Amino acid sequence: MEDVSEMKAFPPLLCLTNDNPKITHDEQVRILIDEGAKFIQIRSKETPAYDLLEQVNIASSYAFENEVILIINDHLELASRGKVSGVHLGEEDHSVSRARSVLGEQAIIGSTVHNFDDAKTVKKLGLSNYVGLGPYSRSKTKLDLNSFLNPEEITEIVSFLYPTPVFLIGGIDLDKCGLISEFNLAGLAVCSSLSSAEHYGIHVKKFINKISEVTCVSV
């Protein structure tokens, strides 16, 4: 089987939306795109499916117009109904095999990896276009996390999964951009640190510039 990861290239900054009572997911996507984001994941744990589908469809129009990769976390059914690039699946979500069957060969499918056993599963299937690896450190969006990956584990998993692109996630802030080069990552997945308390998405450009600076890669 051909490794699908070899067929895709991704921008090194993966921006994640969140359930924000003041800003809908489509508005977040619009702001992220305006700030320069090229790879966005809509991540919602609380928005009702009907409302989320409407927001996803609005967001997908922005993404299409600006040639931005837009995926949705967890919701395979919404991904199949919405005009998005694909889906990201956690360990308790729909199987990657089913997602590939539903969405087709051209869809982007991301998988969550927390440890080496998860990595072995992803490698064996060979169906994921990229991996979200974490948590790296404590996250503002997942306060119940108590177990974090150490540098040796990150290095081992990234090397094992090669050439599948790996994005480090969990408590990633601006001063962590150098981790891309340190661990040979495809990039970083960032949520809370993209914004200040007053302005959503205000730090996106800072991340883009910093990643370009420390990796010599144009974002």
# chains A, B, ... in the order shown; residues from 1 in each chain; ligands from 1
call {"tool": "select_by_dssp", "arguments": {"residues": "chain A", "states": "alpha helix (DSSP H)", "output": "PyMOL selection string"}}
result
chain A and resi 25-34+49-65+76-81+96-103+116-125+151-161+179-183+204-215
call {"tool": "write_last_selection", "arguments": {"atoms": "C-alpha atoms", "output": "mmCIF file, in the first residue's frame"}}
result
data_model
loop_
_atom_site.group_PDB
_atom_site.id
_atom_site.type_symbol
_atom_site.label_atom_id
_atom_site.label_comp_id
_atom_site.auth_asym_id
_atom_site.auth_seq_id
_atom_site.Cartn_x
_atom_site.Cartn_y
_atom_site.Cartn_z
ATOM 1 C CA HIS A 25 -16.160 28.842 14.556
ATOM 2 C CA ASP A 26 -16.738 30.346 11.118
ATOM 3 C CA GLU A 27 -15.836 33.784 12.449
ATOM 4 C CA GLN A 28 -12.702 32.325 14.008
ATOM 5 C CA VAL A 29 -11.747 30.738 10.683
ATOM 6 C CA ARG A 30 -12.282 34.045 8.876
ATOM 7 C CA ILE A 31 -10.049 35.878 11.363
ATOM 8 C CA LEU A 32 -7.360 33.184 11.227
ATOM 9 C CA ILE A 33 -7.329 33.335 7.429
ATOM 10 C CA ASP A 34 -7.167 37.136 7.472
ATOM 11 C CA ALA A 49 -24.185 19.401 15.382
ATOM 12 C CA TYR A 50 -26.741 21.419 13.380
ATOM 13 C CA ASP A 51 -25.165 24.754 14.331
ATOM 14 C CA LEU A 52 -21.681 23.411 13.780
ATOM 15 C CA LEU A 53 -22.528 22.164 10.277
ATOM 16 C CA GLU A 54 -23.800 25.614 9.337
ATOM 17 C CA GLN A 55 -20.635 27.208 10.714
ATOM 18 C CA VAL A 56 -18.444 24.657 8.931
ATOM 19 C CA ASN A 57 -20.127 25.374 5.601
ATOM 20 C CA ILE A 58 -19.642 29.116 6.003
ATOM 21 C CA ALA A 59 -16.026 28.594 7.034
ATOM 22 C CA SER A 60 -15.374 26.294 4.090
ATOM 23 C CA SER A 61 -16.288 29.108 1.695
ATOM 24 C CA TYR A 62 -13.602 31.339 3.244
ATOM 25 C CA ALA A 63 -11.130 28.470 3.088
ATOM 26 C CA PHE A 64 -11.852 27.662 -0.548
ATOM 27 C CA GLU A 65 -11.584 31.286 -1.624
ATOM 28 C CA LEU A 76 -16.842 12.408 10.535
ATOM 29 C CA GLU A 77 -20.488 12.825 9.551
ATOM 30 C CA LEU A 78 -20.135 16.604 9.389
ATOM 31 C CA ALA A 79 -16.929 16.229 7.417
ATOM 32 C CA SER A 80 -18.788 14.065 4.900
ATOM 33 C CA ARG A 81 -21.627 16.594 4.637
ATOM 34 C CA VAL A 96 -9.344 5.913 10.282
ATOM 35 C CA SER A 97 -10.295 3.041 7.987
ATOM 36 C CA ARG A 98 -13.955 4.016 8.102
ATOM 37 C CA ALA A 99 -13.127 7.689 7.620
ATOM 38 C CA ARG A 100 -11.038 6.878 4.548
ATOM 39 C CA SER A 101 -13.887 4.766 3.174
ATOM 40 C CA VAL A 102 -16.444 7.534 3.773
ATOM 41 C CA LEU A 103 -14.381 10.535 2.655
ATOM 42 C CA PHE A 116 4.432 4.772 20.914
ATOM 43 C CA ASP A 117 1.593 2.212 20.805
ATOM 44 C CA ASP A 118 -0.634 4.778 19.090
ATOM 45 C CA ALA A 119 2.184 5.481 16.650
ATOM 46 C CA LYS A 120 2.494 1.788 15.805
ATOM 47 C CA THR A 121 -1.234 1.632 15.035
ATOM 48 C CA VAL A 122 -1.028 4.659 12.726
ATOM 49 C CA LYS A 123 2.048 3.268 10.977
ATOM 50 C CA LYS A 124 0.467 -0.146 10.464
ATOM 51 C CA LEU A 125 -2.694 1.278 8.904
ATOM 52 C CA PRO A 151 12.016 14.722 24.498
ATOM 53 C CA GLU A 152 13.163 11.112 24.101
ATOM 54 C CA GLU A 153 9.609 9.929 23.434
ATOM 55 C CA ILE A 154 8.981 12.693 20.899
ATOM 56 C CA THR A 155 12.197 11.904 19.046
ATOM 57 C CA GLU A 156 11.441 8.172 18.976
ATOM 58 C CA ILE A 157 7.863 8.600 17.740
ATOM 59 C CA VAL A 158 8.695 11.201 15.065
ATOM 60 C CA SER A 159 11.501 9.005 13.733
ATOM 61 C CA PHE A 160 9.299 5.911 13.753
ATOM 62 C CA LEU A 161 6.435 7.626 11.921
ATOM 63 C CA LEU A 179 10.831 22.619 18.541
ATOM 64 C CA ILE A 180 10.112 22.139 14.837
ATOM 65 C CA SER A 181 13.802 21.973 14.032
ATOM 66 C CA GLU A 182 14.754 20.285 17.296
ATOM 67 C CA PHE A 183 12.479 17.295 16.717
ATOM 68 C CA VAL A 204 -1.055 34.259 14.283
ATOM 69 C CA LYS A 205 1.337 36.476 12.337
ATOM 70 C CA LYS A 206 3.858 36.287 15.191
ATOM 71 C CA PHE A 207 3.799 32.489 14.998
ATOM 72 C CA ILE A 208 4.166 32.551 11.215
ATOM 73 C CA ASN A 209 7.108 34.928 11.384
ATOM 74 C CA LYS A 210 8.786 33.081 14.239
ATOM 75 C CA ILE A 211 8.435 29.693 12.527
ATOM 76 C CA SER A 212 9.916 31.154 9.352
ATOM 77 C CA GLU A 213 12.764 32.621 11.361
ATOM 78 C CA VAL A 214 13.724 29.458 13.268
ATOM 79 C CA THR A 215 13.178 26.979 10.446
#
call {"tool": "residues_around", "arguments": {"residues": "Asp19 (chain A)", "least_positions_apart": "3", "cutoff": "9 Å", "atoms": "only C-alpha atoms", "output": "MDAnalysis selection string"}}
result
chainID A and resid 22:25 43:47
